[in-house]
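Structure file final.cif (mmCIF, C-alpha atoms and all ligand atoms) is printed below.
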```cif
data_my_file
#
loop_
_atom_site.label_atom_id
_atom_site.label_comp_id
_atom_site.auth_asym_id
_atom_site.auth_seq_id
_atom_site.Cartn_x
_atom_site.Cartn_y
_atom_site.Cartn_z
CA MET V 1 -0.73 -23.47 105.37
CA ARG V 2 -4.47 -23.03 105.83
CA GLU V 3 -5.60 -19.82 107.49
CA ASP V 4 -7.93 -21.64 109.89
CA MET V 5 -5.21 -23.89 111.27
CA THR V 6 -5.18 -24.29 115.02
CA GLU V 7 -2.11 -23.58 117.13
CA ALA V 8 -1.58 -27.34 117.56
CA GLU V 9 -1.65 -27.83 113.77
CA ARG V 10 0.82 -25.00 113.19
CA HIS V 11 3.26 -26.24 115.82
CA PRO V 12 2.74 -29.99 116.12
CA ARG V 13 4.22 -31.71 119.12
CA CYS V 14 5.90 -35.12 118.96
CA PRO V 15 3.69 -37.55 120.93
CA ILE V 16 6.79 -39.52 121.96
CA CYS V 17 9.16 -36.86 123.34
CA GLY V 18 7.08 -33.68 123.22
CA GLY V 19 9.56 -32.07 120.84
CA THR V 20 8.49 -29.38 118.37
CA SER V 21 11.54 -29.37 116.09
CA PHE V 22 11.58 -31.55 112.97
CA GLU V 23 14.05 -32.36 110.20
CA PRO V 24 14.30 -34.31 106.91
CA GLY V 25 13.93 -38.09 107.07
CA PRO V 26 16.21 -40.87 105.74
CA ARG V 27 17.99 -39.85 102.51
CA GLY V 28 16.68 -36.33 102.99
CA ARG V 29 13.07 -37.23 102.27
CA MET V 30 9.98 -35.26 103.27
CA ALA V 31 6.68 -36.78 104.48
CA LEU V 32 4.09 -37.58 101.78
CA THR V 33 2.21 -34.58 103.16
CA GLY V 34 5.22 -32.36 102.31
CA VAL V 35 6.45 -31.54 105.81
CA LEU V 36 9.57 -32.50 107.78
CA PRO V 37 9.12 -36.07 109.09
CA ARG V 38 11.90 -36.77 111.63
CA CYS V 39 11.66 -35.50 115.21
CA SER V 40 14.90 -33.74 116.14
CA GLY V 41 14.43 -34.87 119.75
CA CYS V 42 13.73 -38.61 119.68
CA LYS V 43 14.43 -39.17 115.94
CA SER V 44 10.98 -40.72 115.47
CA LEU V 45 9.37 -40.95 112.02
CA GLU V 46 5.71 -40.99 110.92
CA ARG V 47 5.15 -44.69 111.64
CA HIS V 48 6.64 -44.47 115.14
CA ARG V 49 4.40 -41.59 116.17
CA ALA V 50 1.24 -43.07 114.64
CA ALA V 51 1.99 -46.28 116.54
CA ARG V 52 2.69 -44.35 119.76
CA VAL V 53 -0.83 -42.93 119.48
CA LEU V 54 -2.03 -46.54 119.11
CA PHE V 55 -0.16 -47.63 122.26
CA ASP V 56 -1.37 -44.60 124.21
CA ARG V 57 -4.91 -45.70 123.34
CA LEU V 58 -4.22 -49.27 124.43
CA GLY V 59 -3.12 -47.86 127.80
CA PRO V 60 0.51 -48.58 128.69
CA ALA V 61 -0.47 -49.24 132.34
CA ARG V 62 -1.68 -52.61 131.07
CA PHE V 63 1.94 -53.59 130.28
CA ALA V 64 3.15 -53.37 133.91
CA GLY V 65 4.88 -56.66 134.74
CA TRP V 66 4.88 -57.84 131.10
CA SER V 67 8.00 -59.38 129.64
CA ALA V 68 8.83 -57.73 126.34
CA ILE V 69 11.17 -58.21 123.43
CA GLN V 70 11.64 -55.92 120.49
CA PHE V 71 13.28 -56.73 117.20
CA SER V 72 14.95 -53.61 115.77
CA PRO V 73 15.23 -50.37 117.76
CA ASP V 74 12.02 -48.36 117.59
CA PRO V 75 10.94 -45.44 119.81
CA THR V 76 7.26 -46.48 119.58
CA VAL V 77 7.14 -48.14 123.00
CA GLU V 78 8.92 -47.16 126.22
CA PRO V 79 10.98 -49.96 127.79
CA ALA V 80 9.94 -48.62 131.22
CA TRP V 81 6.30 -49.59 130.55
CA PHE V 82 7.23 -53.27 130.87
CA GLY V 83 8.47 -55.49 133.68
CA SER V 84 11.39 -56.55 131.49
CA PHE V 85 12.52 -55.39 128.09
CA GLU V 86 14.95 -57.05 125.71
CA LEU V 87 16.14 -55.45 122.47
CA SER V 88 17.54 -57.33 119.49
CA VAL V 89 19.38 -55.19 116.95
CA TYR V 90 19.22 -56.66 113.46
CA GLY V 91 22.39 -58.26 112.12
CA PRO V 92 25.73 -59.12 113.68
CA PRO V 93 27.06 -59.37 116.30
CA ASP V 94 24.11 -59.90 118.68
CA GLY V 95 20.97 -59.78 116.55
CA ILE V 96 18.57 -62.69 117.07
CA ASP V 97 17.55 -64.41 113.82
CA ILE V 98 13.75 -64.12 113.81
CA GLN V 99 13.55 -67.19 111.57
CA GLN V 100 14.93 -69.28 114.45
CA ILE V 101 14.53 -67.53 117.77
CA ASP V 102 16.64 -68.93 120.57
CA ARG V 103 13.98 -68.39 123.26
CA PRO V 104 11.37 -70.69 124.90
CA ASP V 105 7.71 -70.88 123.87
CA GLY V 106 5.56 -68.13 125.37
CA ALA V 107 8.59 -66.35 126.85
CA TYR V 108 7.20 -62.84 126.19
CA ASP V 109 3.87 -61.06 126.59
CA TYR V 110 4.84 -58.34 124.14
CA VAL V 111 6.78 -59.06 120.96
CA GLY V 112 7.52 -56.04 118.79
CA CYS V 113 8.90 -56.52 115.29
CA SER V 114 9.41 -53.36 113.32
CA HIS V 115 10.71 -53.34 109.75
CA VAL V 116 12.52 -56.67 110.05
CA LEU V 117 10.22 -59.14 108.25
CA GLU V 118 11.14 -57.77 104.82
CA HIS V 119 14.84 -58.41 105.62
CA VAL V 120 14.50 -62.20 106.06
CA GLY V 121 14.35 -64.92 103.41
CA ASP V 122 11.80 -67.15 105.15
CA ASP V 123 9.04 -64.90 106.42
CA ARG V 124 6.78 -67.90 107.16
CA ALA V 125 9.33 -69.22 109.66
CA ALA V 126 9.72 -65.72 111.10
CA LEU V 127 5.97 -65.24 111.65
CA CYS V 128 5.65 -68.68 113.27
CA GLU V 129 8.60 -67.96 115.52
CA LEU V 130 7.28 -64.56 116.62
CA LEU V 131 3.98 -66.20 117.57
CA ARG V 132 5.68 -69.14 119.28
CA ILE V 133 7.55 -66.94 121.76
CA THR V 134 4.42 -64.88 122.60
CA SER V 135 2.39 -65.86 125.67
CA PRO V 136 -1.40 -66.43 125.47
CA SER V 137 -2.06 -63.19 127.34
CA GLY V 138 0.00 -61.10 124.95
CA PHE V 139 0.31 -60.03 121.36
CA VAL V 140 2.75 -59.41 118.53
CA TYR V 141 3.11 -55.87 117.20
CA LEU V 142 4.22 -56.11 113.57
CA ASN V 143 5.25 -53.21 111.41
CA ILE V 144 6.32 -53.62 107.78
CA PRO V 145 6.82 -51.00 105.06
CA ASP V 146 3.31 -49.82 104.14
CA PRO V 147 1.62 -52.82 102.46
CA PHE V 148 -1.36 -50.67 101.54
CA ALA V 149 0.73 -48.71 99.04
CA GLU V 150 0.83 -51.66 96.59
CA GLU V 151 -1.75 -54.19 95.47
CA VAL V 152 0.51 -57.21 95.02
CA THR V 153 3.61 -58.38 96.91
CA ARG V 154 6.79 -58.53 94.83
CA ASP V 155 9.19 -61.14 96.22
CA TRP V 156 12.46 -61.48 94.28
CA GLY V 157 13.88 -64.30 96.38
CA PHE V 158 17.06 -62.51 97.45
CA PRO V 159 17.95 -59.34 99.37
CA LYS V 160 18.05 -56.58 96.76
CA PRO V 161 20.87 -54.13 97.52
CA GLU V 162 19.14 -51.21 95.79
CA LYS V 163 16.01 -51.90 97.90
CA HIS V 164 17.83 -51.53 101.24
CA GLY V 165 18.47 -55.29 101.35
CA HIS V 166 14.77 -56.14 101.35
CA TRP V 167 13.75 -59.58 100.03
CA ARG V 168 10.34 -58.31 99.00
CA VAL V 169 7.94 -55.40 98.94
CA TYR V 170 4.66 -56.36 100.63
CA GLY V 171 1.37 -55.39 99.06
CA ARG V 172 -2.22 -55.56 100.24
CA ASP V 173 -2.24 -59.28 99.36
CA VAL V 174 -0.03 -59.90 102.40
CA ALA V 175 -3.39 -60.93 103.92
CA LEU V 176 -3.27 -64.08 101.75
CA ARG V 177 0.28 -64.74 102.93
CA PHE V 178 -0.79 -64.42 106.58
CA ALA V 179 -3.79 -66.69 105.92
CA ARG V 180 -1.52 -69.33 104.39
CA TYR V 181 1.35 -69.10 106.88
CA ILE V 182 -0.54 -68.56 110.16
CA PRO V 183 -4.16 -69.59 109.38
CA ARG V 184 -5.37 -69.83 112.98
CA GLN V 185 -3.90 -66.49 114.07
CA PRO V 186 -6.10 -63.39 113.88
CA VAL V 187 -4.23 -60.45 112.36
CA LEU V 188 -5.73 -57.07 113.19
CA ALA V 189 -4.85 -54.14 110.95
CA TYR V 190 -4.66 -50.71 112.57
CA ARG V 191 -4.90 -47.58 110.49
CA GLY V 192 -3.78 -44.44 112.26
CA THR V 193 -2.39 -41.00 111.62
CA ASP V 194 0.86 -39.38 112.67
CA PRO V 195 -0.16 -36.20 114.53
CA VAL V 196 2.95 -34.36 113.30
CA THR V 197 2.79 -34.92 109.54
CA ALA V 198 -0.92 -35.92 109.29
CA GLU V 199 0.29 -38.92 107.29
CA ALA V 200 -1.85 -42.06 107.47
CA THR V 201 0.05 -45.20 108.36
CA GLY V 202 -0.67 -48.59 109.87
CA ALA V 203 0.52 -51.59 111.82
CA PHE V 204 -0.59 -55.14 112.57
CA LEU V 205 -1.51 -56.57 115.98
CA LEU V 206 -1.60 -60.35 116.48
CA PRO V 207 -3.34 -61.17 119.79
CA ARG V 208 -2.62 -64.71 121.04
CA SER V 209 -5.98 -65.37 122.68
CA ALA V 210 -9.48 -63.94 123.03
CA GLU V 211 -8.56 -61.78 126.02
CA PRO V 212 -5.97 -59.51 124.36
CA TYR V 213 -8.08 -59.63 121.17
CA ARG V 214 -11.11 -58.14 122.93
CA TRP V 215 -9.03 -55.58 124.78
CA ILE V 216 -7.41 -54.35 121.54
CA VAL V 217 -10.74 -54.15 119.69
CA ASP V 218 -12.41 -52.42 122.66
CA ARG V 219 -9.70 -49.78 122.84
CA LEU V 220 -9.15 -49.12 119.13
CA GLY V 221 -12.74 -49.46 117.92
CA LYS V 222 -13.26 -48.68 114.25
CA ASP V 223 -9.56 -47.93 113.68
CA VAL V 224 -8.77 -51.64 113.80
CA GLU V 225 -10.20 -54.38 111.59
CA LEU V 226 -9.72 -58.11 111.16
CA PHE V 227 -7.24 -58.42 108.26
CA SER V 228 -6.83 -62.21 108.19
CA GLY V 229 -7.49 -65.26 110.36
CA PRO V 230 -10.43 -66.01 112.68
CA SER V 231 -12.24 -63.49 114.84
CA LEU V 232 -11.73 -64.28 118.52
CA GLN V 233 -14.15 -61.58 119.61
CA SER V 234 -16.62 -63.94 121.23
CA ALA V 235 -14.36 -66.95 121.75
CA HIS V 236 -13.79 -68.46 125.15
CA ARG V 237 -10.43 -67.52 126.57
CA SER V 238 -8.91 -70.97 126.24
CA ASP V 239 -10.09 -71.53 122.67
CA ASN V 240 -8.57 -70.84 119.30
CA ARG V 241 -4.94 -70.66 120.20
CA ASN V 242 -2.42 -71.48 117.57
ZN ZN M 301 10.13 -36.86 119.43
#
```

Would you mind writing the structure in this file as structure tokens?
Amino acid sequence: MREDMTEAERHPRCPICGGTSFEPGPRGRMALTGVLPRCSGCKSLERHRAARVLFDRLGPARFAGWSAIQFSPDPTVEPAWFGSFELSVYGPPDGIDIQQIDRPDGAYDYVGCSHVLEHVGDDRAALCELLRITSPSGFVYLNIPDPFAEEVTRDWGFPKPEKHGHWRVYGRDVALRFARYIPRQPVLAYRGTDPVTAEATGAFLLPRSAEPYRWIVDRLGKDVELFSGPSLQSAHRSDNRN
């Protein structure tokens, strides 16, 4: 520990539950920064807390009345922020297949998909489906295992048991995959920091029209950049929808 550390640095507080007690992560791991990563209160990990900071900056009051769906449990957002909130837990018996989502077009304003895309064989179908069910006033929040850790995506074409059943490990070139699969959809990359472990981590935001695009860029400023697809910054509201 540094001698000039502030009280807040010595005793970090979980931005999700306010807890100050932390424990080892999955399979006993520590954070890359060498400290305990899992909150003992809400069980959040680095990526959840970094994303909670993101959502706090977006201003959860904006979500009042929104219809929301989340694929895979994730403490990043609070169901109570939204007008309605549906949760799909991956796999049987009730998990929705994101490659073929049994919901109408534009049914949700918020679509959260956290660590699911790497578990499906056809990620093009999954991305198209996630966008299809998102309304023009909303956005998709997409979280995948850190694609900035590797240069090139390795896709082995089947779910590898020793890789937690993942079909692939995404690399930075996931931008090319987004550009090929969803060419008209802007993908914004957010880079943030978990206030507990000081670990840098990111997420993707896919706004469905110029209005949510501008709101996200206004709120997140330099911490968000266009990763693939067209900029909707100056587009008219009704333009450039996929
Ligand atoms: Zn917590």

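Between Gly192 in chain V and the candidates V:Glu23, V:Glu225, V:Glu162, V:Asp218, the tightest atom-to-atom separation, counting only C-alpha atoms, involves V:Glu225.
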
Dump the neighbourhood of ligand ZN 301 (chain M) as JSON, numbers by chain: all residues within 10 Å, distances computed on all atoms listed in the file.
{"V": [13, 14, 15, 16, 17, 18, 19, 20, 21, 22, 38, 39, 40, 41, 42, 43, 44, 45, 48, 49, 75, 196]}

As a check of understanding: the span from CA of Thr197 in chain V to CA of Glu78 in chain V is 21.6 Å

Please report as a tab-separated table every residue of range 45-117 of chain V lying within 9 Å of range 143-159 of chain V, along with the nearest atom pair and their distance in Å (one decimal), using only C-alpha atoms.
```
residue	atom	partner	partner_atom	distance
V:Arg47	CA	V:Asn143	CA	8.5
V:Gly112	CA	V:Asn143	CA	8.2
V:Cys113	CA	V:Asn143	CA	6.3
V:Ser114	CA	V:Asn143	CA	4.6
V:His115	CA	V:Ile144	CA	4.8
V:Val116	CA	V:Ile144	CA	7.3
V:Leu117	CA	V:Ile144	CA	6.8
```

Create the file for the chosen residues now, containing C-alpha atoms and written as a short mmCIF file (atom, residue, chain, number, x, y, z; two decimals), in the coordinates of the input.
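Writing the result to again_29.cif gives the following:
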```
data_model
loop_
_atom_site.label_atom_id
_atom_site.label_comp_id
_atom_site.auth_asym_id
_atom_site.auth_seq_id
_atom_site.Cartn_x
_atom_site.Cartn_y
_atom_site.Cartn_z
CA ARG V 47 5.15 -44.69 111.64
CA GLY V 112 7.52 -56.04 118.79
CA CYS V 113 8.90 -56.52 115.29
CA SER V 114 9.41 -53.36 113.32
CA HIS V 115 10.71 -53.34 109.75
CA VAL V 116 12.52 -56.67 110.05
CA LEU V 117 10.22 -59.14 108.25
#
```

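Closest approach to Phe139 in chain V among V:Ala200, V:Val111, V:Ile101, V:Leu232 is made by V:Val111 (distances from all atoms listed in the file).
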
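Considering all atoms listed in the file, the residue among V:Arg214, V:Phe204, V:Tyr108, V:Asp194 positioned nearest to Leu32 in chain V is V:Asp194.
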
Extract, using all atoms listed in the file, all DNA, RNA and protein residues at most 10 Å from Ala61 in chain V, discarding same-chain residues fewer than 4 positions from it, and format them as a PyMOL selection string.
chain V and resi 56+65+81-82

Please rebuild range 70-87 of chain V with N, CA and C atoms and give the result as a PDB file, in the frame of the given file.
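Full text of selection-v8.pdb as output:
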```pdb
ATOM      1  N   GLN V  70      11.828 -56.692 121.709  1.00  0.00           N
ATOM      2  CA  GLN V  70      11.640 -55.920 120.490  1.00  0.00           C
ATOM      3  C   GLN V  70      12.748 -56.216 119.505  1.00  0.00           C
ATOM      4  N   PHE V  71      12.320 -56.511 118.275  1.00  0.00           N
ATOM      5  CA  PHE V  71      13.280 -56.730 117.200  1.00  0.00           C
ATOM      6  C   PHE V  71      13.399 -55.445 116.394  1.00  0.00           C
ATOM      7  N   SER V  72      14.601 -54.882 116.414  1.00  0.00           N
ATOM      8  CA  SER V  72      14.950 -53.610 115.770  1.00  0.00           C
ATOM      9  C   SER V  72      14.569 -52.434 116.675  1.00  0.00           C
ATOM     10  N   PRO V  73      15.516 -51.521 116.895  1.00  0.00           N
ATOM     11  CA  PRO V  73      15.230 -50.370 117.760  1.00  0.00           C
ATOM     12  C   PRO V  73      14.080 -49.552 117.187  1.00  0.00           C
ATOM     13  N   ASP V  74      13.227 -49.046 118.037  1.00  0.00           N
ATOM     14  CA  ASP V  74      12.020 -48.360 117.590  1.00  0.00           C
ATOM     15  C   ASP V  74      11.498 -47.556 118.780  1.00  0.00           C
ATOM     16  N   PRO V  75      11.371 -46.242 118.653  1.00  0.00           N
ATOM     17  CA  PRO V  75      10.940 -45.440 119.810  1.00  0.00           C
ATOM     18  C   PRO V  75       9.446 -45.519 120.104  1.00  0.00           C
ATOM     19  N   THR V  76       8.716 -46.404 119.400  1.00  0.00           N
ATOM     20  CA  THR V  76       7.260 -46.480 119.580  1.00  0.00           C
ATOM     21  C   THR V  76       6.857 -46.781 121.012  1.00  0.00           C
ATOM     22  N   VAL V  77       7.485 -47.794 121.611  1.00  0.00           N
ATOM     23  CA  VAL V  77       7.140 -48.140 123.000  1.00  0.00           C
ATOM     24  C   VAL V  77       8.273 -47.732 123.930  1.00  0.00           C
ATOM     25  N   GLU V  78       7.924 -47.514 125.195  1.00  0.00           N
ATOM     26  CA  GLU V  78       8.920 -47.160 126.220  1.00  0.00           C
ATOM     27  C   GLU V  78       9.298 -48.429 126.979  1.00  0.00           C
ATOM     28  N   PRO V  79      10.572 -48.776 127.018  1.00  0.00           N
ATOM     29  CA  PRO V  79      10.980 -49.960 127.790  1.00  0.00           C
ATOM     30  C   PRO V  79      10.468 -49.924 129.234  1.00  0.00           C
ATOM     31  N   ALA V  80      10.359 -48.735 129.808  1.00  0.00           N
ATOM     32  CA  ALA V  80       9.940 -48.620 131.220  1.00  0.00           C
ATOM     33  C   ALA V  80       8.491 -49.031 131.447  1.00  0.00           C
ATOM     34  N   TRP V  81       7.694 -49.141 130.376  1.00  0.00           N
ATOM     35  CA  TRP V  81       6.300 -49.590 130.550  1.00  0.00           C
ATOM     36  C   TRP V  81       6.237 -51.038 131.027  1.00  0.00           C
ATOM     37  N   PHE V  82       7.288 -51.822 130.696  1.00  0.00           N
ATOM     38  CA  PHE V  82       7.230 -53.270 130.870  1.00  0.00           C
ATOM     39  C   PHE V  82       8.013 -53.715 132.108  1.00  0.00           C
ATOM     40  N   GLY V  83       7.719 -54.924 132.556  1.00  0.00           N
ATOM     41  CA  GLY V  83       8.470 -55.490 133.680  1.00  0.00           C
ATOM     42  C   GLY V  83       9.899 -55.807 133.271  1.00  0.00           C
ATOM     43  N   SER V  84      10.059 -56.317 132.041  1.00  0.00           N
ATOM     44  CA  SER V  84      11.390 -56.550 131.490  1.00  0.00           C
ATOM     45  C   SER V  84      11.353 -56.231 130.005  1.00  0.00           C
ATOM     46  N   PHE V  85      12.480 -55.807 129.487  1.00  0.00           N
ATOM     47  CA  PHE V  85      12.520 -55.390 128.090  1.00  0.00           C
ATOM     48  C   PHE V  85      13.850 -55.781 127.472  1.00  0.00           C
ATOM     49  N   GLU V  86      13.753 -56.574 126.404  1.00  0.00           N
ATOM     50  CA  GLU V  86      14.950 -57.050 125.710  1.00  0.00           C
ATOM     51  C   GLU V  86      14.919 -56.474 124.297  1.00  0.00           C
ATOM     52  N   LEU V  87      16.071 -56.025 123.815  1.00  0.00           N
ATOM     53  CA  LEU V  87      16.140 -55.450 122.470  1.00  0.00           C
ATOM     54  C   LEU V  87      17.110 -56.256 121.622  1.00  0.00           C
TER      55      LEU V  87
END
```
